[in-house]
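See below for coords.tsv, which holds TSV, C-alpha atoms and all ligand atoms.
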```tsv
chain	number	residue	atom	x	y	z
A	1	MET	CA	103.74	140.44	79.59
A	2	LYS	CA	100.91	138.18	80.71
A	3	ILE	CA	98.68	138.62	83.71
A	4	THR	CA	98.85	134.97	84.57
A	5	SER	CA	101.84	135.20	86.53
A	6	ILE	CA	104.51	133.81	88.54
A	7	VAL	CA	105.20	136.36	91.14
A	8	THR	CA	104.03	139.65	92.53
A	9	ALA	CA	105.55	142.61	90.85
A	10	ALA	CA	106.80	143.71	94.25
A	11	ALA	CA	108.71	140.50	94.70
A	12	LEU	CA	111.02	140.96	91.79
A	13	SER	CA	112.81	143.38	89.62
A	14	LEU	CA	112.41	143.59	85.91
A	15	ALA	CA	115.87	143.13	84.54
A	16	SER	CA	116.81	145.65	81.94
A	17	SER	CA	119.33	144.15	79.61
A	18	VAL	CA	122.07	146.42	78.42
A	19	MET	CA	124.54	144.96	75.97
A	20	GLY	CA	123.71	141.49	77.23
A	21	GLN	CA	124.38	142.49	80.83
A	22	SER	CA	121.54	142.16	83.27
A	23	THR	CA	120.89	144.45	86.16
A	24	CYS	CA	120.21	141.75	88.71
A	25	ASN	CA	121.64	142.97	91.99
A	26	GLU	CA	122.77	141.29	95.19
A	27	PHE	CA	119.26	141.48	96.64
A	28	SER	CA	117.57	140.04	93.52
A	29	PRO	CA	120.48	138.07	92.12
A	30	CYS	CA	118.87	135.34	90.05
A	31	PHE	CA	117.75	135.85	86.45
A	32	ARG	CA	114.91	133.89	84.89
A	33	GLU	CA	112.94	134.83	81.81
A	34	GLY	CA	113.49	138.56	82.05
A	35	TYR	CA	113.23	139.04	85.80
A	36	CYS	CA	115.52	139.03	88.81
A	37	ASP	CA	114.61	137.69	92.24
A	38	SER	CA	116.07	135.78	95.16
A	39	SER	CA	113.46	132.99	95.44
A	40	ALA	CA	113.63	129.37	94.32
A	41	MET	CA	111.46	130.16	91.30
A	42	PHE	CA	114.35	132.22	89.97
A	43	CYS	CA	117.41	130.71	91.62
A	44	LEU	CA	116.80	126.98	91.17
A	45	TRP	CA	119.60	125.47	89.16
A	46	ASP	CA	118.78	125.31	85.46
A	47	LEU	CA	115.76	127.59	85.71
A	48	CYS	CA	118.26	130.29	86.64
A	49	ASP	CA	120.40	131.79	83.88
A	50	PRO	CA	123.93	131.91	85.28
A	51	VAL	CA	125.16	134.34	82.61
A	52	LYS	CA	122.53	137.02	83.23
A	53	SER	CA	122.39	136.61	86.98
A	54	TYR	CA	124.18	138.97	89.37
A	55	ASN	CA	127.36	136.92	89.48
A	56	SER	CA	128.53	133.47	88.48
A	57	THR	CA	127.60	131.92	91.81
A	58	SER	CA	124.17	133.54	92.23
A	59	CYS	CA	122.22	130.62	90.75
A	60	TRP	CA	121.86	127.68	93.12
A	61	GLN	CA	124.06	124.66	92.53
A	62	PRO	CA	122.58	121.42	91.13
A	63	GLU	CA	121.19	119.26	93.93
A	64	GLY	CA	122.62	116.02	92.54
A	65	CYS	CA	120.85	112.75	91.91
A	66	ILE	CA	118.75	110.86	94.46
A	67	SER	CA	117.86	107.24	93.67
A	68	GLN	CA	114.28	106.94	94.88
A	69	THR	CA	110.70	106.01	94.13
A	70	VAL	CA	108.20	108.80	94.62
A	71	ASN	CA	104.66	107.50	95.12
A	72	PHE	CA	102.87	110.80	95.77
A	73	ASP	CA	101.35	109.47	98.96
A	74	SER	CA	102.26	112.69	100.75
A	75	SER	CA	101.20	116.19	99.76
A	76	SER	CA	104.78	117.30	100.37
A	77	ASP	CA	105.96	115.15	97.43
A	78	ALA	CA	104.94	117.87	94.96
A	79	VAL	CA	104.63	121.52	95.98
A	80	ALA	CA	104.52	124.94	94.40
A	81	ILE	CA	108.06	126.21	94.03
A	82	ASN	CA	107.03	129.29	96.04
A	83	SER	CA	106.72	127.12	99.13
A	84	TYR	CA	109.90	125.11	98.49
A	85	GLN	CA	112.30	125.38	101.40
A	86	GLY	CA	115.29	124.03	99.50
A	87	ASN	CA	115.38	120.41	100.62
A	88	PRO	CA	115.01	117.96	97.71
A	89	GLN	CA	114.54	115.09	100.16
A	90	THR	CA	111.35	116.70	101.50
A	91	ASN	CA	109.76	118.03	98.31
A	92	LYS	CA	110.48	115.75	95.37
A	93	PHE	CA	108.72	117.72	92.64
A	94	LEU	CA	108.19	121.45	92.18
A	95	SER	CA	105.43	123.16	90.25
A	96	VAL	CA	107.34	125.94	88.53
A	97	PHE	CA	104.57	128.21	87.22
A	98	GLU	CA	101.89	130.30	88.86
A	99	PRO	CA	99.03	129.76	89.12
A	100	ASN	CA	100.02	126.34	90.41
A	101	ASN	CA	98.16	123.66	88.47
A	102	VAL	CA	99.90	120.67	90.06
A	103	ALA	CA	98.21	118.76	92.89
A	104	VAL	CA	98.83	115.59	94.87
A	105	GLU	CA	95.54	113.67	94.82
A	106	ASN	CA	94.72	110.01	95.49
A	107	GLY	CA	98.34	108.95	95.38
A	108	ASN	CA	99.01	110.74	92.11
A	109	MET	CA	100.74	113.88	91.06
A	110	VAL	CA	98.03	115.46	88.90
A	111	LEU	CA	98.98	118.04	86.28
A	112	LYS	CA	95.98	120.12	85.36
A	113	MET	CA	95.23	122.44	82.49
A	114	THR	CA	92.53	125.03	83.04
A	115	TYR	CA	90.91	127.54	80.72
A	116	ASP	CA	92.61	130.89	80.32
A	117	ALA	CA	89.60	132.72	78.88
A	118	PRO	CA	91.24	136.02	77.90
A	119	ASN	CA	93.71	134.14	75.74
A	120	ASN	CA	91.26	131.40	74.68
A	121	LYS	CA	93.69	128.64	75.49
A	122	GLY	CA	94.70	126.36	78.28
A	123	PHE	CA	96.97	127.30	81.15
A	124	GLY	CA	98.97	124.17	81.80
A	125	ALA	CA	101.46	122.97	84.36
A	126	THR	CA	105.08	121.92	84.68
A	127	ALA	CA	106.43	119.85	87.56
A	128	LYS	CA	110.19	119.47	87.82
A	129	ALA	CA	112.19	117.18	90.05
A	130	SER	CA	113.95	119.04	92.83
A	131	SER	CA	116.92	116.73	92.31
A	132	THR	CA	119.01	116.45	89.18
A	133	ILE	CA	120.14	113.53	87.06
A	134	HIS	CA	123.23	113.01	84.97
A	135	TYR	CA	122.61	109.64	83.32
A	136	GLY	CA	120.42	107.00	84.86
A	137	ARG	CA	117.08	105.34	84.44
A	138	VAL	CA	113.74	106.99	85.11
A	139	THR	CA	110.39	105.21	85.05
A	140	ALA	CA	107.12	107.09	85.38
A	141	ARG	CA	103.72	105.43	85.68
A	142	ILE	CA	101.41	107.74	83.76
A	143	LYS	CA	97.84	108.09	82.55
A	144	THR	CA	97.89	110.83	79.95
A	145	ALA	CA	95.55	113.73	79.28
A	146	SER	CA	95.04	112.65	75.66
A	147	VAL	CA	91.25	112.86	75.93
A	148	ALA	CA	90.80	115.72	73.47
A	149	THR	CA	92.57	117.19	70.46
A	150	GLY	CA	95.24	119.71	71.29
A	151	VAL	CA	96.07	118.52	74.80
A	152	VAL	CA	99.78	117.64	75.11
A	153	THR	CA	101.25	115.58	77.94
A	154	SER	CA	105.00	115.26	78.43
A	155	PHE	CA	107.54	113.33	80.47
A	156	ILE	CA	111.01	114.62	79.70
A	157	ILE	CA	114.53	114.91	81.03
A	158	ILE	CA	115.71	118.43	80.28
A	159	ASN	CA	118.34	121.03	81.00
A	160	GLU	CA	116.57	124.34	80.37
A	161	GLN	CA	119.82	126.24	79.96
A	162	THR	CA	121.68	124.02	77.51
A	163	GLY	CA	118.56	122.73	75.80
A	164	ASP	CA	119.54	119.08	75.96
A	165	GLU	CA	116.32	117.09	76.25
A	166	ILE	CA	114.99	113.53	76.11
A	167	ASP	CA	111.25	113.18	75.62
A	168	PHE	CA	108.16	111.11	75.86
A	169	GLU	CA	105.22	113.10	74.53
A	170	TRP	CA	101.57	112.39	73.92
A	171	VAL	CA	99.24	114.43	71.75
A	172	GLY	CA	95.48	114.55	72.16
A	173	LYS	CA	94.98	113.91	68.47
A	174	ASP	CA	96.51	110.43	68.78
A	175	PRO	CA	95.53	108.95	72.15
A	176	ALA	CA	96.75	105.48	71.16
A	177	GLN	CA	100.31	106.59	70.54
A	178	VAL	CA	103.41	107.69	72.39
A	179	GLN	CA	106.08	109.80	70.75
A	180	THR	CA	109.77	109.78	71.61
A	181	ASN	CA	112.22	112.50	70.80
A	182	TYR	CA	115.46	114.13	71.86
A	183	TYR	CA	117.16	117.48	71.39
A	184	TYR	CA	120.75	118.57	71.46
A	185	GLN	CA	121.48	122.11	72.67
A	186	LYS	CA	118.07	123.57	71.74
A	187	GLU	CA	118.51	122.60	68.10
A	188	LEU	CA	115.03	122.39	66.63
A	189	ASP	CA	115.18	119.29	64.47
A	190	TYR	CA	111.76	117.73	64.13
A	191	THR	CA	113.03	114.72	62.20
A	192	LYS	CA	114.14	112.89	65.33
A	193	MET	CA	110.67	112.15	66.61
A	194	THR	CA	109.30	108.63	66.35
A	195	ALA	CA	105.81	107.41	67.19
A	196	TYR	CA	104.85	104.11	68.75
A	197	SER	CA	101.30	102.76	68.64
A	198	MET	CA	99.78	101.29	71.78
A	199	ALA	CA	96.51	101.18	73.69
A	200	ASP	CA	94.74	104.45	74.58
A	201	THR	CA	97.25	106.16	76.85
A	202	SER	CA	94.52	108.17	78.60
A	203	ALA	CA	92.52	105.08	79.56
A	204	GLU	CA	95.09	103.16	81.60
A	205	TYR	CA	98.36	103.71	83.40
A	206	HIS	CA	101.51	102.52	81.68
A	207	ASP	CA	105.15	102.52	82.70
A	208	TYR	CA	107.32	104.77	80.56
A	209	THR	CA	111.08	104.52	81.01
A	210	ILE	CA	113.98	106.62	79.79
A	211	ASP	CA	117.25	104.75	80.26
A	212	TRP	CA	120.03	107.27	79.60
A	213	SER	CA	123.71	106.47	79.58
A	214	GLU	CA	126.76	108.08	78.05
A	215	ASP	CA	126.55	105.68	75.10
A	216	ARG	CA	122.86	105.28	74.37
A	217	ILE	CA	119.30	106.15	75.27
A	218	VAL	CA	116.61	103.47	75.42
A	219	TRP	CA	112.93	104.35	75.67
A	220	LEU	CA	110.71	101.60	77.09
A	221	VAL	CA	106.95	101.16	77.48
A	222	ASP	CA	105.86	98.68	80.12
A	223	ASN	CA	109.45	97.44	80.23
A	224	GLN	CA	109.57	96.74	76.50
A	225	PRO	CA	112.19	98.73	74.58
A	226	ILE	CA	110.54	100.74	71.81
A	227	ARG	CA	113.51	102.80	70.69
A	228	GLU	CA	117.26	102.94	71.08
A	229	LEU	CA	119.50	105.87	70.19
A	230	LYS	CA	123.24	105.26	70.11
A	231	ARG	CA	125.51	108.21	70.74
A	232	GLN	CA	127.77	107.08	67.93
A	233	ASP	CA	124.89	107.50	65.49
A	234	THR	CA	124.43	111.17	66.41
A	235	PHE	CA	127.77	112.33	65.04
A	236	ASP	CA	127.50	115.42	62.87
A	237	PRO	CA	130.53	115.64	60.55
A	238	GLN	CA	129.84	119.29	59.69
A	239	SER	CA	130.20	120.52	63.26
A	240	ASN	CA	132.36	117.58	64.34
A	241	VAL	CA	130.25	116.89	67.43
A	242	TYR	CA	127.97	114.18	68.67
A	243	LYS	CA	124.52	115.75	68.86
A	244	TYR	CA	123.63	113.73	71.89
A	245	PRO	CA	122.16	114.93	75.21
A	246	THR	CA	124.92	115.00	77.82
A	247	SER	CA	123.91	117.80	80.23
A	248	GLU	CA	122.94	117.25	83.83
A	249	SER	CA	119.18	117.71	83.82
A	250	ARG	CA	115.89	117.47	85.68
A	251	VAL	CA	113.02	115.04	85.24
A	252	SER	CA	110.04	117.14	84.20
A	253	PHE	CA	106.34	116.54	83.57
A	254	GLY	CA	104.06	118.85	81.68
A	255	ILE	CA	100.62	119.49	80.26
A	256	TRP	CA	99.98	122.27	77.78
A	257	ASP	CA	97.67	123.44	75.05
A	258	GLY	CA	99.07	122.78	71.60
A	259	GLY	CA	95.69	123.05	69.87
A	260	ASN	CA	95.08	126.69	70.72
A	261	SER	CA	98.73	127.70	70.76
A	262	GLY	CA	98.37	129.82	67.66
A	263	ALA	CA	101.29	128.09	65.96
A	264	GLN	CA	100.15	126.22	62.90
A	265	GLY	CA	102.74	123.46	63.02
A	266	THR	CA	102.07	122.82	66.69
A	267	GLN	CA	98.32	122.77	66.12
A	268	GLU	CA	98.62	120.26	63.31
A	269	TRP	CA	100.88	118.10	65.43
A	270	SER	CA	98.68	118.08	68.53
A	271	GLY	CA	95.30	118.41	66.83
A	272	TYR	CA	93.10	121.49	67.04
A	273	PRO	CA	91.17	123.29	68.27
A	274	THR	CA	91.36	122.25	71.90
A	275	PRO	CA	87.78	122.05	73.17
A	276	TRP	CA	87.15	124.43	76.07
A	277	THR	CA	84.32	125.51	78.29
A	278	PRO	CA	85.00	127.79	81.26
A	279	SER	CA	84.94	124.80	83.62
A	280	THR	CA	86.93	122.32	81.53
A	281	VAL	CA	89.96	120.81	83.28
A	282	TYR	CA	92.30	118.42	81.51
A	283	GLN	CA	94.38	116.19	83.77
A	284	ALA	CA	97.49	114.02	83.43
A	285	PHE	CA	98.15	111.54	86.23
A	286	VAL	CA	101.60	110.49	87.43
A	287	ASP	CA	101.17	107.58	89.83
A	288	SER	CA	104.85	107.08	90.62
A	289	VAL	CA	108.33	108.04	89.51
A	290	THR	CA	111.37	105.84	90.03
A	291	ILE	CA	114.78	107.41	89.58
A	292	GLU	CA	117.84	105.17	89.44
A	293	CYS	CA	120.93	107.36	89.30
A	294	ALA	CA	123.90	106.19	87.26
A	295	GLY	CA	126.47	105.19	89.83
A	296	GLY	CA	124.02	105.60	92.70
A	297	SER	CA	122.87	108.75	94.46
A	298	SER	CA	125.21	111.70	94.45
A	299	LYS	CA	125.48	114.56	96.89
A	300	PRO	CA	122.38	113.46	98.85
A	301	SER	CA	123.57	115.35	101.89
A	302	ASP	CA	123.25	118.64	100.05
A	303	GLY	CA	119.58	118.76	100.93
A	304	GLY	CA	118.49	121.72	103.00
A	305	GLU	CA	121.55	123.81	102.44
A	306	GLN	CA	120.21	125.94	99.62
A	307	PRO	CA	119.38	129.52	100.44
A	308	THR	CA	115.71	130.38	100.07
A	309	GLY	CA	114.04	133.66	99.31
A	310	SER	CA	111.83	135.23	101.94
A	311	GLU	CA	109.22	136.32	99.43
A	312	GLN	CA	106.11	134.23	99.02
A	313	PRO	CA	104.89	135.41	95.65
A	314	THR	CA	101.24	134.75	94.92
A	315	GLY	CA	100.39	136.38	91.66
A	316	GLY	CA	101.14	139.31	89.43
A	317	GLU	CA	103.40	139.50	86.46
A	318	GLN	CA	104.58	136.62	84.38
A	319	PRO	CA	108.09	136.53	83.05
A	320	SER	CA	108.21	137.26	79.39
A	321	GLU	CA	108.60	134.51	76.88
A	322	THR	CA	112.04	133.08	76.68
A	323	GLY	CA	112.53	133.86	73.05
A	324	LYS	CA	114.20	130.53	72.41
A	325	ASP	CA	111.02	129.47	70.67
A	326	SER	CA	108.96	132.47	69.82
A	327	GLU	CA	105.94	130.28	69.18
A	328	ALA	CA	105.88	128.90	72.67
A	329	PRO	CA	103.03	130.51	74.56
A	330	SER	CA	104.03	131.46	78.07
A	331	SER	CA	100.83	129.88	79.32
A	332	ALA	CA	101.99	126.55	77.89
A	333	PRO	CA	104.99	125.91	80.08
A	334	GLU	CA	106.69	123.32	77.90
A	335	PRO	CA	107.57	124.82	74.55
A	336	PRO	CA	106.02	122.91	71.68
A	337	LYS	CA	108.95	121.15	70.22
A	338	CYS	CA	108.03	117.80	68.84
A	339	ARG	CA	106.01	118.85	65.87
A	340	PRO	CA	106.07	118.92	62.13
A	341	ARG	CA	107.75	121.80	60.38
A	342	ASN	CA	105.64	124.90	60.00
B	401	LIG	C1	127.74	136.67	94.26
B	401	LIG	O1	126.38	136.89	94.54
B	401	LIG	C2	125.91	136.29	95.74
B	401	LIG	C3	124.44	136.58	95.79
B	401	LIG	O2	123.80	136.02	94.69
B	401	LIG	C4	126.67	136.85	96.93
B	401	LIG	O3	126.25	136.21	98.09
B	401	LIG	C5	128.16	136.64	96.72
B	401	LIG	O4	128.84	137.29	97.76
B	401	LIG	C6	128.59	137.22	95.40
B	401	LIG	N1	129.99	136.92	95.15
B	401	LIG	C7	130.84	137.83	94.74
B	401	LIG	C8	132.25	137.38	94.52
B	401	LIG	O5	130.51	138.99	94.55
```
Have the structure of the file written as structure tokens, please.
Amino acid sequence: MKITSIVTAAALSLASSVMGQSTCNEFSPCFREGYCDSSAMFCLWDLCDPVKSYNSTSCWQPEGCISQTVNFDSSSDAVAINSYQGNPQTNKFLSVFEPNNVAVENGNMVLKMTYDAPNNKGFGATAKASSTIHYGRVTARIKTASVATGVVTSFIIINEQTGDEIDFEWVGKDPAQVQTNYYYQKELDYTKMTAYSMADTSAEYHDYTIDWSEDRIVWLVDNQPIRELKRQDTFDPQSNVYKYPTSESRVSFGIWDGGNSGAQGTQEWSGYPTPWTPSTVYQAFVDSVTIECAGGSSKPSDGGEQPTGSEQPTGGEQPSETGKDSEAPSSAPEPPKCRPRN
């Protein structure tokens, strides 16, 4: 259990798992990473584990897709999930860890990584869309944090529960490169990553696009396709399934410390060590995000109808590590996934 925390101990109940059953109750119904609570941080669809929660309807429902461009001109565009009132039209992105290292500054959503001295590594940030997407096209205008070895920046579309994921990632070791990757159902297969060389991604903004349909995924940089994945090429004859991301998901941005993660494969992938002084802050800048939903917006009128918890957690205990990737430090919100084998 880390001290860097997402909520006050008083605001939640530690779930004791017995034979796979959680002890979340009707007052703290939502299970996330070992804890039960009633707030958005625990109940938001796809952060919330529907199997371990109090009952099958305890987790909030997916918000649906909203076709929109978010310019981060308003501080309400990205907020700490603790202050989220449940309306995806009002707050477009949610910072899902405490302390909150996401800020809206100068028309950007800025993801910051600060020094966590006791653990000698960075404490990063994850900002997730408050709306969901199930196929569509997402373009983010980004200036990465690839200014030092070990610093990882990510723009992904992910379902945290199923583990389907489509990635752009940048590693500090290679500032003039963007990596693309995808995962099917949390399967750790590092052979699917490809790297594309370009100008220093930390020096200028570029447009990065994930165009995701039922048949194929295209990754684009400044409107130029750099990779295409066809669903038909993901067929696995052994399991008789297409290992292709199909789950409704959220657009997610992250910054985390791969260089001081303690995992050798991750460190070699991102570069290491990550240089730190007590006052060092690494920053990734998201200037805008354009979401074009497949088939247009869905369920836009759902906004504002989600229940919200009354607690306003400010600090305390951090949920334990998820266990799905034991090497993922809990202070590095996005698990290190795109990396060479250990
Ligand atoms: C399921 O849990 C929610 C609280 O999370 C509660 O409002 C609802 O009544 C419960 N449903 C059933 C069938 O127990």
Name the closest residue to ligand LIG 401 (chain B) among the candidates A:Asn260, A:Ser53, A:Thr274, A:Gln267; distances are taken between atoms, counting all atoms listed in the file.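 Nearest candidate to ligand LIG 401 (chain B) out of A:Asn260, A:Ser53, A:Thr274, A:Gln267: A:Ser53.
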One residue among A:Asn120, A:Thr23, A:Ser297, A:Asn55 is nearest to ligand LIG 401 (chain B) when using only C-alpha atoms and all ligand atoms, and that residue is A:Asn55
Shell of 7 Å around stretch 279-296 of chain A, all atoms listed in the file, local chain residues under 5 positions omitted, as a ChimeraX atom specification: /A:65-72,107-115,133,135-145,153
Between atom CA of A:Leu188 and atom CA of A:Gly122, what is the distance in Å, rounded to a tenth?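 A separation of 23.8 Å between them.
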Please list, as a PyMOL selection string, the residues that have an atom at most 12 Å away from (117.5, 116.5, 81.9) in the coordinates of this file, counting only C-alpha atoms. chain A and resi 45-47+62+64-65+128-138+155-167+182-185+210-212+245-253
Those same residues, written as a JSON list (two decimals), in the frame of the given file with C-alpha atoms?
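Dumped everything to again21.json:
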```json
[["chain", "number", "residue", "atom", "x", "y", "z"],
["A", 45, "TRP", "CA", 119.60, 125.47, 89.16],
["A", 46, "ASP", "CA", 118.78, 125.31, 85.46],
["A", 47, "LEU", "CA", 115.76, 127.59, 85.71],
["A", 62, "PRO", "CA", 122.58, 121.42, 91.13],
["A", 64, "GLY", "CA", 122.62, 116.02, 92.54],
["A", 65, "CYS", "CA", 120.85, 112.75, 91.91],
["A", 128, "LYS", "CA", 110.19, 119.47, 87.82],
["A", 129, "ALA", "CA", 112.19, 117.18, 90.05],
["A", 130, "SER", "CA", 113.95, 119.04, 92.83],
["A", 131, "SER", "CA", 116.92, 116.73, 92.31],
["A", 132, "THR", "CA", 119.01, 116.45, 89.18],
["A", 133, "ILE", "CA", 120.14, 113.53, 87.06],
["A", 134, "HIS", "CA", 123.23, 113.01, 84.97],
["A", 135, "TYR", "CA", 122.61, 109.64, 83.32],
["A", 136, "GLY", "CA", 120.42, 107.00, 84.86],
["A", 137, "ARG", "CA", 117.08, 105.34, 84.44],
["A", 138, "VAL", "CA", 113.74, 106.99, 85.11],
["A", 155, "PHE", "CA", 107.54, 113.33, 80.47],
["A", 156, "ILE", "CA", 111.01, 114.62, 79.70],
["A", 157, "ILE", "CA", 114.53, 114.91, 81.03],
["A", 158, "ILE", "CA", 115.71, 118.43, 80.28],
["A", 159, "ASN", "CA", 118.34, 121.03, 81.00],
["A", 160, "GLU", "CA", 116.57, 124.34, 80.37],
["A", 161, "GLN", "CA", 119.82, 126.24, 79.96],
["A", 162, "THR", "CA", 121.68, 124.02, 77.51],
["A", 163, "GLY", "CA", 118.56, 122.73, 75.80],
["A", 164, "ASP", "CA", 119.54, 119.08, 75.96],
["A", 165, "GLU", "CA", 116.32, 117.09, 76.25],
["A", 166, "ILE", "CA", 114.99, 113.53, 76.11],
["A", 167, "ASP", "CA", 111.25, 113.18, 75.62],
["A", 182, "TYR", "CA", 115.46, 114.13, 71.86],
["A", 183, "TYR", "CA", 117.16, 117.48, 71.39],
["A", 184, "TYR", "CA", 120.75, 118.57, 71.46],
["A", 185, "GLN", "CA", 121.48, 122.11, 72.67],
["A", 210, "ILE", "CA", 113.98, 106.62, 79.79],
["A", 211, "ASP", "CA", 117.25, 104.75, 80.26],
["A", 212, "TRP", "CA", 120.03, 107.27, 79.60],
["A", 245, "PRO", "CA", 122.16, 114.93, 75.21],
["A", 246, "THR", "CA", 124.92, 115.00, 77.82],
["A", 247, "SER", "CA", 123.91, 117.80, 80.23],
["A", 248, "GLU", "CA", 122.94, 117.25, 83.83],
["A", 249, "SER", "CA", 119.18, 117.71, 83.82],
["A", 250, "ARG", "CA", 115.89, 117.47, 85.68],
["A", 251, "VAL", "CA", 113.02, 115.04, 85.24],
["A", 252, "SER", "CA", 110.04, 117.14, 84.20],
["A", 253, "PHE", "CA", 106.34, 116.54, 83.57]]
```
Find, counting only C-alpha atoms and all ligand atoms, the residue in A:Cys59, A:Ala125, A:Ile226, A:Ala40 that gets nearest to ligand LIG 401 (chain B). A:Cys59
For ligand LIG 401 (chain B), list the contacting residues at 8 Å or closer, counting only C-alpha atoms and all ligand atoms, as a PDB file with C-alpha atoms, in the coordinates of the input.
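Written out: out.pdb:
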```
ATOM      1  CA  ASN A  25     121.640 142.970  91.990  1.00  0.00           C
ATOM      2  CA  GLU A  26     122.770 141.290  95.190  1.00  0.00           C
ATOM      3  CA  PHE A  27     119.260 141.480  96.640  1.00  0.00           C
ATOM      4  CA  SER A  28     117.570 140.040  93.520  1.00  0.00           C
ATOM      5  CA  PRO A  29     120.480 138.070  92.120  1.00  0.00           C
ATOM      6  CA  CYS A  30     118.870 135.340  90.050  1.00  0.00           C
ATOM      7  CA  SER A  38     116.070 135.780  95.160  1.00  0.00           C
ATOM      8  CA  SER A  53     122.390 136.610  86.980  1.00  0.00           C
ATOM      9  CA  TYR A  54     124.180 138.970  89.370  1.00  0.00           C
ATOM     10  CA  ASN A  55     127.360 136.920  89.480  1.00  0.00           C
ATOM     11  CA  SER A  56     128.530 133.470  88.480  1.00  0.00           C
ATOM     12  CA  THR A  57     127.600 131.920  91.810  1.00  0.00           C
ATOM     13  CA  SER A  58     124.170 133.540  92.230  1.00  0.00           C
ATOM     14  CA  CYS A  59     122.220 130.620  90.750  1.00  0.00           C
TER      15      CYS A  59
END
```
Distance of atom CA of A:Asp189 from atom CA of A:Lys230, expressed in Å to one decimal place: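 Atom-to-atom, atom CA of A:Lys230 to atom CA of A:Asp189, that is 17.1 Å.
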Any idea what's packed within 8 Å of A:Tyr272, counting all atoms listed in the file, ignoring anything in its chain fewer than 4 positions away? Could you give it as a PDB file with C-alpha atoms, in the coordinates of the input?
```
ATOM      1  CA  THR A 149      92.570 117.190  70.460  1.00  0.00           C
ATOM      2  CA  GLY A 150      95.240 119.710  71.290  1.00  0.00           C
ATOM      3  CA  LYS A 173      94.980 113.910  68.470  1.00  0.00           C
ATOM      4  CA  GLY A 258      99.070 122.780  71.600  1.00  0.00           C
ATOM      5  CA  GLY A 259      95.690 123.050  69.870  1.00  0.00           C
ATOM      6  CA  ASN A 260      95.080 126.690  70.720  1.00  0.00           C
ATOM      7  CA  GLN A 267      98.320 122.770  66.120  1.00  0.00           C
ATOM      8  CA  GLU A 268      98.620 120.260  63.310  1.00  0.00           C
TER       9      GLU A 268
END
```
Selected residue, from A:Met193, A:Met198, A:Ala176, A:Ala80, that lies nearest to A:Val221 when counting all atoms listed in the file: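 Closest residue, counting all atoms listed in the file: A:Met198.
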Of the residues A:Ser75, A:Ile81, A:Lys92, A:Ala117, which is the one nearest to A:Thr277, using all atoms listed in the file?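 Checking each candidate against A:Thr277, we get A:Ala117 as the closest.
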Determine the nearest neighbour of A:Tyr205 from the options A:Lys243, A:Asp222, A:Asn101, A:Ile217, counting all atoms listed in the file.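 Under the stated criterion, the closest residue is A:Asp222.
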Calculate how many Å separate atom CA of A:His206 from atom CA of A:Phe168, rounding to one decimal.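 Atom CA of A:His206 sits 12.3 Å away from atom CA of A:Phe168.
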Can you tell me which residues surround A:Tyr242 at a distance of at most 10 Å, considering all atoms listed in the file, apart from same-chain residues fewer than 4 positions away, and format the answer as a PDB file with C-alpha atoms, in the frame of the given file?
```pdb
ATOM      1  CA  TYR A 184     120.750 118.570  71.460  1.00  0.00           C
ATOM      2  CA  ARG A 231     125.510 108.210  70.740  1.00  0.00           C
ATOM      3  CA  GLN A 232     127.770 107.080  67.930  1.00  0.00           C
ATOM      4  CA  ASP A 233     124.890 107.500  65.490  1.00  0.00           C
ATOM      5  CA  THR A 234     124.430 111.170  66.410  1.00  0.00           C
ATOM      6  CA  PHE A 235     127.770 112.330  65.040  1.00  0.00           C
ATOM      7  CA  ASP A 236     127.500 115.420  62.870  1.00  0.00           C
ATOM      8  CA  PRO A 237     130.530 115.640  60.550  1.00  0.00           C
ATOM      9  CA  THR A 246     124.920 115.000  77.820  1.00  0.00           C
TER      10      THR A 246
END
```
